[in-house]
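What follows is upload.cif (mmCIF, C-alpha atoms).
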data_coords
loop_
_atom_site.label_atom_id
_atom_site.label_comp_id
_atom_site.auth_asym_id
_atom_site.auth_seq_id
_atom_site.Cartn_x
_atom_site.Cartn_y
_atom_site.Cartn_z
CA MET A 1 158.70 122.32 108.72
CA ALA A 2 155.94 122.07 106.14
CA GLN A 3 154.33 125.13 107.60
CA SER A 4 157.49 127.18 107.29
CA LYS A 5 157.74 126.18 103.62
CA VAL A 6 154.19 127.36 102.95
CA LYS A 7 154.97 130.60 104.72
CA ARG A 8 158.16 131.09 102.72
CA VAL A 9 156.42 130.48 99.38
CA PHE A 10 153.61 132.81 100.36
CA LEU A 11 155.81 135.68 101.48
CA GLU A 12 158.19 135.34 98.57
CA ASP A 13 155.36 135.79 96.05
CA LEU A 14 154.18 138.90 97.84
CA GLY A 15 157.59 140.48 98.32
CA SER A 16 160.97 139.64 96.80
CA GLY A 17 159.49 137.37 94.12
CA ASN A 18 156.47 139.56 93.36
CA PRO A 19 155.20 138.80 89.86
CA VAL A 20 154.71 142.44 88.89
CA PHE A 21 157.60 144.43 90.32
CA ALA A 22 160.23 141.68 90.69
CA GLN A 23 159.53 139.36 87.75
CA VAL A 24 157.83 142.10 85.67
CA LEU A 25 155.12 139.72 84.43
CA GLY A 26 151.50 140.52 83.63
CA ILE A 27 152.39 144.08 82.65
CA CYS A 28 149.90 144.14 79.79
CA SER A 29 146.92 143.88 82.12
CA THR A 30 148.61 146.11 84.70
CA LEU A 31 148.52 148.84 82.09
CA ALA A 32 145.10 148.03 80.71
CA VAL A 33 142.77 147.57 83.66
CA THR A 34 144.12 149.89 86.34
CA ASN A 35 142.33 153.08 85.33
CA VAL A 36 139.16 152.24 87.28
CA LEU A 37 139.39 150.50 90.67
CA LYS A 38 136.23 148.42 90.30
CA ASN A 39 137.44 146.71 87.14
CA THR A 40 140.83 146.11 88.74
CA VAL A 41 139.29 144.31 91.70
CA VAL A 42 137.24 141.99 89.49
CA MET A 43 140.23 141.36 87.25
CA CYS A 44 142.38 140.51 90.29
CA ALA A 45 139.76 138.17 91.73
CA GLY A 46 139.59 136.41 88.37
CA LEU A 47 143.35 136.12 88.27
CA VAL A 48 143.68 134.75 91.83
CA PHE A 49 141.02 132.14 91.06
CA THR A 50 142.59 131.12 87.75
CA THR A 51 146.19 131.01 88.97
CA ALA A 52 145.33 129.01 92.09
CA LEU A 53 143.21 126.41 90.31
CA SER A 54 145.42 126.06 87.25
CA ASN A 55 148.44 125.61 89.53
CA LEU A 56 146.54 122.97 91.49
CA THR A 57 145.45 121.12 88.34
CA VAL A 58 148.81 121.27 86.58
CA SER A 59 150.54 120.08 89.73
CA ALA A 60 148.10 117.18 90.18
CA MET A 61 148.79 116.06 86.61
CA ARG A 62 152.53 116.69 86.64
CA ASN A 63 153.57 113.06 86.99
CA VAL A 64 151.41 111.66 84.19
CA MET A 65 151.59 114.56 81.74
CA PRO A 66 153.96 113.94 78.80
CA GLY A 67 156.62 116.67 78.82
CA ARG A 68 156.35 117.44 75.11
CA ILE A 69 152.73 118.52 75.22
CA ARG A 70 152.71 120.12 78.67
CA MET A 71 152.29 123.66 77.37
CA MET A 72 149.26 122.71 75.30
CA VAL A 73 147.71 121.06 78.31
CA GLU A 74 148.48 124.06 80.52
CA THR A 75 146.93 126.48 78.05
CA LEU A 76 143.82 124.31 77.84
CA ILE A 77 143.50 124.18 81.62
CA ILE A 78 143.99 127.94 81.99
CA ALA A 79 141.54 128.73 79.19
CA SER A 80 138.88 126.50 80.76
CA TYR A 81 139.09 128.28 84.11
CA VAL A 82 138.95 131.68 82.43
CA ILE A 83 135.85 130.68 80.46
CA ILE A 84 134.26 129.62 83.76
CA VAL A 85 135.05 133.06 85.24
CA ASP A 86 133.55 134.72 82.17
CA ILE A 87 130.34 132.67 82.30
CA VAL A 88 129.89 133.28 86.02
CA LEU A 89 130.38 137.04 85.59
CA ARG A 90 127.91 137.17 82.72
CA ALA A 91 125.32 135.26 84.68
CA TYR A 92 125.66 136.83 88.12
CA LEU A 93 127.44 140.19 87.67
CA PRO A 94 126.24 141.36 84.25
CA ASP A 95 127.12 145.02 84.87
CA VAL A 96 130.72 144.27 85.74
CA SER A 97 130.98 141.82 82.87
CA ARG A 98 129.74 144.48 80.46
CA GLN A 99 132.29 146.97 81.72
CA LEU A 100 135.24 144.63 81.59
CA GLY A 101 134.31 143.51 78.09
CA PRO A 102 137.20 141.68 76.45
CA TYR A 103 139.56 141.91 79.42
CA VAL A 104 138.20 138.83 81.17
CA GLY A 105 139.07 136.67 78.18
CA LEU A 106 142.52 138.21 78.17
CA ILE A 107 143.28 136.68 81.60
CA ILE A 108 144.23 133.63 79.52
CA THR A 109 147.22 135.50 78.12
CA ASN A 110 148.41 136.73 81.51
CA CYS A 111 152.01 135.52 81.77
CA ILE A 112 151.79 135.08 85.54
CA ILE A 113 149.48 132.08 85.27
CA MET A 114 151.59 130.25 82.69
CA GLY A 115 154.74 131.37 84.48
CA ARG A 116 153.68 129.90 87.82
CA ALA A 117 152.45 126.69 86.18
CA GLU A 118 155.82 126.23 84.46
CA ALA A 119 158.11 127.46 87.21
CA PHE A 120 156.32 126.16 90.28
CA ALA A 121 153.45 123.72 89.73
CA LEU A 122 155.47 121.32 87.57
CA ASN A 123 157.94 120.71 90.42
CA ASN A 124 155.82 120.96 93.55
CA PRO A 125 152.92 119.07 95.15
CA PRO A 126 149.32 120.26 94.51
CA GLY A 127 148.67 121.81 97.93
CA LEU A 128 151.77 123.96 97.88
CA SER A 129 151.14 124.91 94.24
CA PHE A 130 147.63 126.05 95.15
CA ILE A 131 149.06 128.28 97.89
CA ASP A 132 151.65 129.60 95.45
CA GLY A 133 148.89 130.43 92.95
CA ILE A 134 146.91 132.35 95.54
CA ALA A 135 150.00 134.19 96.78
CA SER A 136 151.11 135.13 93.26
CA GLY A 137 147.61 136.34 92.49
CA LEU A 138 147.56 138.43 95.66
CA GLY A 139 151.03 139.78 94.95
CA TYR A 140 149.76 140.91 91.56
CA SER A 141 146.53 142.24 93.05
CA TYR A 142 147.92 144.60 95.66
CA VAL A 143 150.29 146.24 93.19
CA LEU A 144 147.47 146.72 90.68
CA MET A 145 145.08 148.06 93.28
CA ALA A 146 147.61 150.58 94.56
CA ILE A 147 148.13 151.81 90.99
CA ALA A 148 144.40 151.78 90.27
CA VAL A 149 143.53 153.86 93.34
CA LEU A 150 146.01 156.57 92.34
CA ARG A 151 145.08 156.52 88.66
CA GLU A 152 141.35 156.71 89.29
CA LEU A 153 141.82 159.40 91.93
CA LEU A 154 144.01 161.65 89.79
CA GLY A 155 142.41 160.79 86.45
CA SER A 156 138.73 160.95 87.35
CA GLY A 157 138.66 162.42 90.87
CA THR A 158 136.78 159.36 92.11
CA ILE A 159 137.43 156.10 93.98
CA TRP A 160 135.18 153.10 93.25
CA GLY A 161 133.04 155.49 91.20
CA TYR A 162 132.38 157.83 94.16
CA ARG A 163 133.48 161.45 93.95
CA VAL A 164 136.34 162.01 96.41
CA LEU A 165 138.07 165.14 95.20
CA TRP A 166 136.42 168.54 95.06
CA GLU A 167 134.20 169.45 92.10
CA SER A 168 136.62 171.94 90.53
CA TRP A 169 139.40 169.31 90.40
CA THR A 170 140.81 169.11 86.86
CA ASN A 171 141.07 165.48 85.82
CA TRP A 172 144.50 164.38 84.67
CA SER A 173 143.36 162.65 81.51
CA ILE A 174 146.78 161.12 81.01
CA MET A 175 146.23 159.03 84.16
CA VAL A 176 143.28 157.24 82.57
CA MET A 177 145.20 156.57 79.39
CA ALA A 178 147.92 153.95 78.94
CA PRO A 179 150.89 156.35 79.41
CA GLY A 180 149.60 157.15 82.91
CA ALA A 181 149.94 153.47 83.80
CA PHE A 182 153.53 153.41 82.56
CA PHE A 183 154.38 156.37 84.78
CA MET A 184 152.65 154.94 87.84
CA LEU A 185 154.15 151.48 87.42
CA ALA A 186 157.64 152.87 86.88
CA ILE A 187 157.34 155.07 89.97
CA PHE A 188 156.04 152.09 91.97
CA ILE A 189 158.95 149.86 90.91
CA TRP A 190 161.39 152.69 91.59
CA ILE A 191 160.12 153.19 95.14
CA VAL A 192 160.02 149.47 95.97
CA LYS A 193 163.42 148.66 94.49
CA GLY A 194 164.96 151.77 95.98
CA SER A 195 163.79 150.97 99.48
CA SER A 196 164.76 147.28 99.28
CA LYS A 197 168.28 148.25 98.12
CA ARG A 198 168.63 150.63 101.03
CA GLU A 199 167.61 147.86 103.44
CA LYS A 200 170.32 145.56 102.07
CA LYS A 201 173.00 148.19 102.62
CA MET B 1 162.61 101.25 68.08
CA SER B 2 160.40 99.02 70.21
CA LYS B 3 156.61 99.10 70.00
CA GLU B 4 156.33 100.39 73.52
CA GLY B 5 158.60 103.30 72.64
CA THR B 6 156.36 104.31 69.74
CA PHE B 7 153.30 104.17 71.97
CA LYS B 8 154.89 106.23 74.69
CA ARG B 9 156.41 108.79 72.39
CA ARG B 10 153.70 109.25 69.80
CA ILE B 11 150.35 107.79 70.76
CA PHE B 12 150.19 108.46 74.49
CA PRO B 13 150.58 112.25 74.18
CA VAL B 14 147.77 112.39 71.60
CA LEU B 15 145.49 110.24 73.77
CA PHE B 16 146.37 112.27 76.84
CA MET B 17 145.55 115.56 75.10
CA LEU B 18 142.30 114.12 73.77
CA ILE B 19 141.16 112.96 77.19
CA VAL B 20 142.14 116.20 78.94
CA THR B 21 140.33 118.20 76.24
CA LEU B 22 137.19 116.10 76.60
CA VAL B 23 137.17 116.45 80.37
CA PHE B 24 137.61 120.21 80.37
CA ILE B 25 135.17 120.85 77.55
CA SER B 26 132.58 118.78 79.42
CA ILE B 27 133.09 120.82 82.58
CA THR B 28 132.76 124.17 80.80
CA THR B 29 129.77 122.92 78.82
CA ILE B 30 127.97 121.84 81.99
CA ILE B 31 128.61 125.20 83.64
CA TYR B 32 127.51 127.03 80.51
CA THR B 33 124.33 124.97 80.21
CA LEU B 34 123.47 125.61 83.85
CA SER B 35 123.84 129.40 83.53
CA LYS B 36 122.60 129.80 79.94
CA ASP B 37 119.08 130.79 80.98
CA THR B 38 120.29 133.31 83.55
CA ILE B 39 122.57 134.90 80.95
CA ALA B 40 119.79 135.03 78.35
CA SER B 41 117.33 136.59 80.79
CA ASN B 42 119.97 139.14 81.87
CA GLU B 43 120.44 140.12 78.26
CA ALA B 44 116.72 140.31 77.53
CA LEU B 45 116.17 142.49 80.60
CA ARG B 46 119.06 144.70 79.59
CA SER B 47 117.62 145.26 76.14
CA ARG B 48 114.16 146.05 77.57
CA GLU B 49 115.63 148.55 80.00
CA SER B 50 117.55 150.14 77.13
CA ILE B 51 114.43 150.54 75.01
CA LEU B 52 112.58 152.23 77.89
CA TYR B 53 115.55 154.49 78.61
CA ALA B 54 115.88 155.48 74.94
CA ALA B 55 112.18 156.34 74.83
CA GLY B 56 112.68 158.66 77.81
CA ILE B 57 110.83 156.46 80.33
CA PRO B 58 112.50 156.22 83.77
CA VAL B 59 113.87 152.69 84.18
CA PRO B 60 112.56 150.99 87.34
CA GLY B 61 115.02 149.21 89.58
CA SER B 62 113.35 145.81 89.56
CA GLY B 63 113.22 143.42 86.63
CA GLN B 64 109.53 142.61 87.23
CA GLU B 65 108.52 146.24 87.09
CA THR B 66 110.52 146.71 83.88
CA ASP B 67 108.76 143.73 82.30
CA ARG B 68 105.37 145.12 83.31
CA ILE B 69 105.95 148.60 81.86
CA TYR B 70 107.55 147.11 78.77
CA GLY B 71 104.56 144.82 78.25
CA GLU B 72 102.09 147.66 78.61
CA ARG B 73 103.79 150.29 76.53
CA VAL B 74 106.14 148.74 74.00
CA GLU B 75 105.05 147.12 70.76
CA GLU B 76 107.54 145.24 68.62
CA VAL B 77 107.23 145.90 64.88
CA THR B 78 108.46 143.08 62.65
CA ASP B 79 109.25 142.94 58.95
CA ASP B 80 107.96 140.29 56.49
CA LYS B 81 110.44 137.70 57.72
CA GLY B 82 109.48 138.13 61.37
CA ASN B 83 112.63 140.00 62.44
CA ILE B 84 112.10 142.92 64.79
CA GLN B 85 112.56 146.12 62.82
CA TYR B 86 111.85 148.73 65.47
CA TYR B 87 109.79 149.35 68.63
CA ARG B 88 106.73 151.56 69.07
CA VAL B 89 106.42 153.07 72.54
CA LYS B 90 103.04 154.31 73.76
CA GLY B 91 102.39 157.25 76.07
CA GLU B 92 101.77 156.66 79.76
CA ASN B 93 97.97 156.86 79.76
CA SER B 94 96.94 157.14 76.13
CA GLY B 95 97.29 154.39 73.57
CA ASP B 96 98.97 156.77 71.11
CA VAL B 97 102.47 156.03 69.94
CA LYS B 98 104.80 158.64 71.41
CA ASN B 99 108.22 157.31 70.50
CA ILE B 100 109.93 154.87 68.22
CA VAL B 101 113.12 153.05 69.21
CA ILE B 102 115.63 151.46 66.87
CA ILE B 103 118.32 148.99 67.95
CA THR B 104 121.36 149.49 65.79
CA ARG B 105 124.99 148.39 65.57
CA GLY B 106 128.16 150.01 64.37
CA PRO B 107 131.92 149.60 64.61
CA GLY B 108 133.66 150.91 67.74
CA LEU B 109 137.38 151.03 68.52
CA TRP B 110 137.77 147.37 69.60
CA GLY B 111 134.49 145.78 68.67
CA GLU B 112 130.91 146.33 67.72
CA ILE B 113 128.77 148.83 69.61
CA THR B 114 125.07 148.01 70.00
CA ALA B 115 122.79 150.89 70.92
CA ALA B 116 119.10 151.62 71.36
CA ILE B 117 118.18 154.99 69.92
CA GLY B 118 114.77 156.58 70.53
CA TYR B 119 112.94 159.30 68.58
CA ASP B 120 109.71 161.18 68.93
CA VAL B 121 106.99 160.46 66.36
CA SER B 122 108.43 162.94 63.87
CA GLY B 123 111.52 160.73 63.71
CA LYS B 124 113.68 163.84 64.01
CA THR B 125 114.09 164.64 67.70
CA ILE B 126 116.12 162.13 69.70
CA SER B 127 114.36 161.04 72.88
CA GLY B 128 117.41 159.21 74.23
CA ILE B 129 120.16 156.73 73.53
CA GLU B 130 121.39 153.74 75.51
CA ILE B 131 124.49 151.66 74.86
CA ILE B 132 123.48 148.01 75.11
CA ASP B 133 126.81 146.42 74.38
CA GLN B 134 130.30 147.79 73.81
CA ASN B 135 133.92 146.77 74.09
CA GLU B 136 135.56 150.20 74.28
CA THR B 137 138.54 150.85 76.57
CA PRO B 138 137.32 150.96 80.21
CA GLY B 139 137.80 154.46 81.63
CA LEU B 140 138.20 156.04 78.19
CA GLY B 141 135.88 155.00 75.35
CA GLY B 142 133.99 152.93 77.89
CA ARG B 143 132.62 156.22 79.23
CA ILE B 144 130.13 156.32 76.32
CA GLY B 145 128.00 154.32 78.76
CA GLU B 146 128.07 157.08 81.41
CA ASN B 147 124.93 159.06 82.10
CA TRP B 148 126.29 162.55 81.38
CA PHE B 149 127.28 161.40 77.90
CA LYS B 150 124.01 159.65 77.06
CA GLU B 151 121.80 162.36 78.54
CA GLN B 152 123.24 164.96 76.16
CA PHE B 153 121.45 163.38 73.22
CA ARG B 154 117.93 163.95 74.52
CA GLY B 155 116.01 166.57 72.55
CA LYS B 156 118.63 166.98 69.85
CA HIS B 157 118.36 166.55 66.07
CA SER B 158 120.68 164.77 63.67
CA PRO B 159 123.09 165.47 62.04
CA LEU B 160 124.99 165.90 65.29
CA SER B 161 128.47 167.31 65.53
CA LEU B 162 131.09 166.90 68.27
CA VAL B 163 132.77 169.48 70.49
CA GLY B 164 135.41 169.05 73.25
CA GLU B 165 134.44 167.72 76.69
CA GLN B 166 135.01 171.08 78.38
CA ALA B 167 133.37 173.17 75.64
CA ALA B 168 129.76 174.31 75.83
CA ALA B 169 127.61 172.24 73.50
CA GLY B 170 125.32 174.08 71.05
CA PRO B 171 121.82 172.97 70.03
CA ASN B 172 122.84 169.96 67.97
CA GLU B 173 126.30 169.42 69.37
CA ILE B 174 127.56 166.64 71.61
CA GLN B 175 130.49 166.90 74.02
CA ALA B 176 133.03 164.25 73.02
CA ILE B 177 134.98 162.26 75.60
CA THR B 178 138.53 163.45 76.22
CA GLY B 179 141.03 160.81 75.14
CA ALA B 180 138.39 158.81 73.32
CA SER B 181 137.81 160.70 70.11
CA TYR B 182 137.36 157.51 68.10
CA SER B 183 134.65 156.08 70.35
CA SER B 184 132.85 159.45 70.46
CA LYS B 185 132.94 159.63 66.69
CA ALA B 186 131.67 156.05 66.43
CA ILE B 187 128.59 156.97 68.50
CA GLN B 188 128.08 160.15 66.47
CA GLU B 189 128.05 158.09 63.27
CA ILE B 190 125.78 155.40 64.69
CA VAL B 191 123.26 158.01 65.85
CA ASN B 192 123.36 159.96 62.59
CA ARG B 193 122.84 156.80 60.58
CA ALA B 194 119.99 155.68 62.83
CA SER B 195 118.26 159.03 62.26
CA THR B 196 118.13 158.42 58.53
CA GLU B 197 116.69 154.99 59.27
CA ALA B 198 114.11 156.47 61.65
CA GLN B 199 112.92 158.96 59.07
CA GLY B 200 112.56 156.12 56.56
CA ILE B 201 110.33 154.30 59.05
CA ILE B 202 108.14 157.35 59.73
CA LYS B 203 107.49 157.82 56.02
#

Would you write out, as structure tokens, the structure that this file holds?
Amino acid sequence: MAQSKVKRVFLEDLGSGNPVFAQVLGICSTLAVTNVLKNTVVMCAGLVFTTALSNLTVSAMRNVMPGRIRMMVETLIIASYVIIVDIVLRAYLPDVSRQLGPYVGLIITNCIIMGRAEAFALNNPPGLSFIDGIASGLGYSYVLMAIAVLRELLGSGTIWGYRVLWESWTNWSIMVMAPGAFFMLAIFIWIVKGSSKREKK
Amino acid sequence: MSKEGTFKRRIFPVLFMLIVTLVFISITTIIYTLSKDTIASNEALRSRESILYAAGIPVPGSGQETDRIYGERVEEVTDDKGNIQYYRVKGENSGDVKNIVIITRGPGLWGEITAAIGYDVSGKTISGIEIIDQNETPGLGGRIGENWFKEQFRGKHSPLSLVGEQAAAGPNEIQAITGASYSSKAIQEIVNRASTEAQGIIK
């Protein structure tokens, strides 16, 4: 019974309840960090870590936390975890940290984390909330990575910084810029929604 | 209103917030304190590597080797107050100063750009530039840190001008980054300003 609930929560966050293409949350970072795959992966790892642990913490405190100040507490918890991610990156992955620059700090403003804390962690036990955080983070991650692979490939001719396309390939500069992300995301949502509608019929 | 009601409604939330804040700040402070030295040594190494790169010296892969070469060949020149003004870099075998390197800052698109800019002893020819710190858009302005962009500066004289990324660059022209005209211009201005500074030092 409990296992089926975990499974349901997990699959829902990846599919029908996906934070990016179903709830359309976290779009800001979807647009900002998907032009180079390496940055996307680090960003996603940071987000999975933060969402899972903030969900766990908020859920553990849900019965003692006064309702009126819950958002302040949630923001504080989220910010603390993000600062930890930032410090760890600066200490152990300085190159990546330098490349991501301000984007790590901006994980704090990612709506998915606050959204899951409010919508899930406040009403569910810590263990399940932790799973939900991981699943939401992964649901966000695979969409971003799919977009990042295509944007980096078409925009720079590389994947993970390695040259994949032939030398004479003309880079589609628009793919590296923000409008490219809008196009890719829209096409992604179109394909996913289109195919899920067809299945229902 | 009973006393208990006041406590629960007004005082408890404040106390709760205070305690949660204290706990989380303590945790982040402990983690910061534990990794402070690693972060500082990363940054120091980064700035040493940048100075070597700007002076046209190949940067070794290991931190120890970088420290050794830096110790042998780089001399820090300070002003009256003890702040580092610029760096003198000696030749490989002779004790003569071959290059000078300036660390300079300027505004970028999102934040400050810090760069090391090297010159030969005339203070006119650029021996290299390295971006130490920048917050430009990854994939666009962030490409100022890429090798092809930095390598273009070697052997050129200020004032530099910009041409398109696909265009052929003339003697004192730099290919700008497509889609990042502001960041390219920021670097152009930083380098041109540093050149004036370098010539002031040489005098």

| message | Quick one: residues within 8 Å of Ile134 (chain A), all atoms listed in the file, excluding same-chain residues fewer than 6 positions away - as a list in words? | response |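 Residues meeting the cut-off are Val48, Phe49, Thr51 and Ala52 of chain A.
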
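A straight line drawn from CA of Asn192 (chain B) to CA of His157 (chain B) is 9.0 Å long.
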
| said: Taking only C-alpha atoms into account, find every residue of chain B that has an atom no more than 8 Å from chain A, and write it out as a VMD selection string. | reply: chain B and resid 12 to 13 16 to 17 20 to 21 24 to 25 28 31 to 32 35 to 36 38 to 39 42 133 to 136 138 to 140 142 178 to 179

| task | Spell out the residues picked by the PyMOL selection byres ((chain B and resi 46-54) around 7) here, as number ranges by chain. | result | B: 42-45, 55-59, 66, 70, 101, 116-118, 127-130, 132

| said: Here's the selection I'm unsure about, the PyMOL selection byres ((chain A and resi 130) around 6); applied to the file above, which residues does it give, as a ChimeraX atom specification? | reply: /A:52,55-56,127-129,131-133

| request: Excluding Ile27 (chain A) and residues on its chain fewer than 3 positions from it, collect all residues at most 12 Å away from it, counting all atoms listed in the file, and give them as an MDAnalysis selection string. | output: chainID A and resid 19:24 30:34 107 109:112 140 143:144 178 181:182 185:186

| request: May I ask for the distance between CA of Trp169 (chain A) and CA of Leu154 (chain A), given in Å to one decimal place? | output: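 Atom-to-atom, CA of Trp169 (chain A) and CA of Leu154 (chain A) are spaced 9.0 Å apart.
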
| Given all atoms listed in the file as the counted atoms, nearest of B:Gly82, B:Pro159, B:Gly106, B:Gly95 to Pro171 (chain B) | B:Pro159

| What residues have an atom no more than 12 Å from (128.2, 164.8, 73.1) in the file's own frame, counting only C-alpha atoms, and can you write them as a PyMOL selection string? | chain B and resi 129+143-154+156+160-178+180-181+183-189+191

Same residues, C-alpha atoms, saved as a PDB file, in the coordinates of the input:
ATOM      1  CA  ILE B 129     120.160 156.730  73.530  1.00  0.00           C
ATOM      2  CA  ARG B 143     132.620 156.220  79.230  1.00  0.00           C
ATOM      3  CA  ILE B 144     130.130 156.320  76.320  1.00  0.00           C
ATOM      4  CA  GLY B 145     128.000 154.320  78.760  1.00  0.00           C
ATOM      5  CA  GLU B 146     128.070 157.080  81.410  1.00  0.00           C
ATOM      6  CA  ASN B 147     124.930 159.060  82.100  1.00  0.00           C
ATOM      7  CA  TRP B 148     126.290 162.550  81.380  1.00  0.00           C
ATOM      8  CA  PHE B 149     127.280 161.400  77.900  1.00  0.00           C
ATOM      9  CA  LYS B 150     124.010 159.650  77.060  1.00  0.00           C
ATOM     10  CA  GLU B 151     121.800 162.360  78.540  1.00  0.00           C
ATOM     11  CA  GLN B 152     123.240 164.960  76.160  1.00  0.00           C
ATOM     12  CA  PHE B 153     121.450 163.380  73.220  1.00  0.00           C
ATOM     13  CA  ARG B 154     117.930 163.950  74.520  1.00  0.00           C
ATOM     14  CA  LYS B 156     118.630 166.980  69.850  1.00  0.00           C
ATOM     15  CA  LEU B 160     124.990 165.900  65.290  1.00  0.00           C
ATOM     16  CA  SER B 161     128.470 167.310  65.530  1.00  0.00           C
ATOM     17  CA  LEU B 162     131.090 166.900  68.270  1.00  0.00           C
ATOM     18  CA  VAL B 163     132.770 169.480  70.490  1.00  0.00           C
ATOM     19  CA  GLY B 164     135.410 169.050  73.250  1.00  0.00           C
ATOM     20  CA  GLU B 165     134.440 167.720  76.690  1.00  0.00           C
ATOM     21  CA  GLN B 166     135.010 171.080  78.380  1.00  0.00           C
ATOM     22  CA  ALA B 167     133.370 173.170  75.640  1.00  0.00           C
ATOM     23  CA  ALA B 168     129.760 174.310  75.830  1.00  0.00           C
ATOM     24  CA  ALA B 169     127.610 172.240  73.500  1.00  0.00           C
ATOM     25  CA  GLY B 170     125.320 174.080  71.050  1.00  0.00           C
ATOM     26  CA  PRO B 171     121.820 172.970  70.030  1.00  0.00           C
ATOM     27  CA  ASN B 172     122.840 169.960  67.970  1.00  0.00           C
ATOM     28  CA  GLU B 173     126.300 169.420  69.370  1.00  0.00           C
ATOM     29  CA  ILE B 174     127.560 166.640  71.610  1.00  0.00           C
ATOM     30  CA  GLN B 175     130.490 166.900  74.020  1.00  0.00           C
ATOM     31  CA  ALA B 176     133.030 164.250  73.020  1.00  0.00           C
ATOM     32  CA  ILE B 177     134.980 162.260  75.600  1.00  0.00           C
ATOM     33  CA  THR B 178     138.530 163.450  76.220  1.00  0.00           C
ATOM     34  CA  ALA B 180     138.390 158.810  73.320  1.00  0.00           C
ATOM     35  CA  SER B 181     137.810 160.700  70.110  1.00  0.00           C
ATOM     36  CA  SER B 183     134.650 156.080  70.350  1.00  0.00           C
ATOM     37  CA  SER B 184     132.850 159.450  70.460  1.00  0.00           C
ATOM     38  CA  LYS B 185     132.940 159.630  66.690  1.00  0.00           C
ATOM     39  CA  ALA B 186     131.670 156.050  66.430  1.00  0.00           C
ATOM     40  CA  ILE B 187     128.590 156.970  68.500  1.00  0.00           C
ATOM     41  CA  GLN B 188     128.080 160.150  66.470  1.00  0.00           C
ATOM     42  CA  GLU B 189     128.050 158.090  63.270  1.00  0.00           C
ATOM     43  CA  VAL B 191     123.260 158.010  65.850  1.00  0.00           C
TER      44      VAL B 191
END

| said: Applying the PyMOL selection byres ((chain A and resi 159-164) around 6) to the file I just gave you, which residues come out? Please list them as a list in words. | reply: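 The output of the PyMOL selection byres ((chain A and resi 159-164) around 6) on this file is Leu37, Lys38, Leu153, Thr158 and Leu165 of chain A.
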
| request: Could you jot down the CA of Val23 (chain B) to CA of Met71 (chain A) separation for me, Å, one decimal place? | output: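 So the two atoms, CA of Val23 (chain B) and CA of Met71 (chain A), lie 17.0 Å apart.
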
| task | May I have the residues at most 7 Å from (106.5, 150.1, 73.7) in the file's coordinates, counting only C-alpha atoms, as a list in words? | result |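 With a cut-off of 7 Å, the residues come to Tyr70, Arg73, Val74, Glu75, Tyr87, Arg88, Val89 and Lys90 of chain B.
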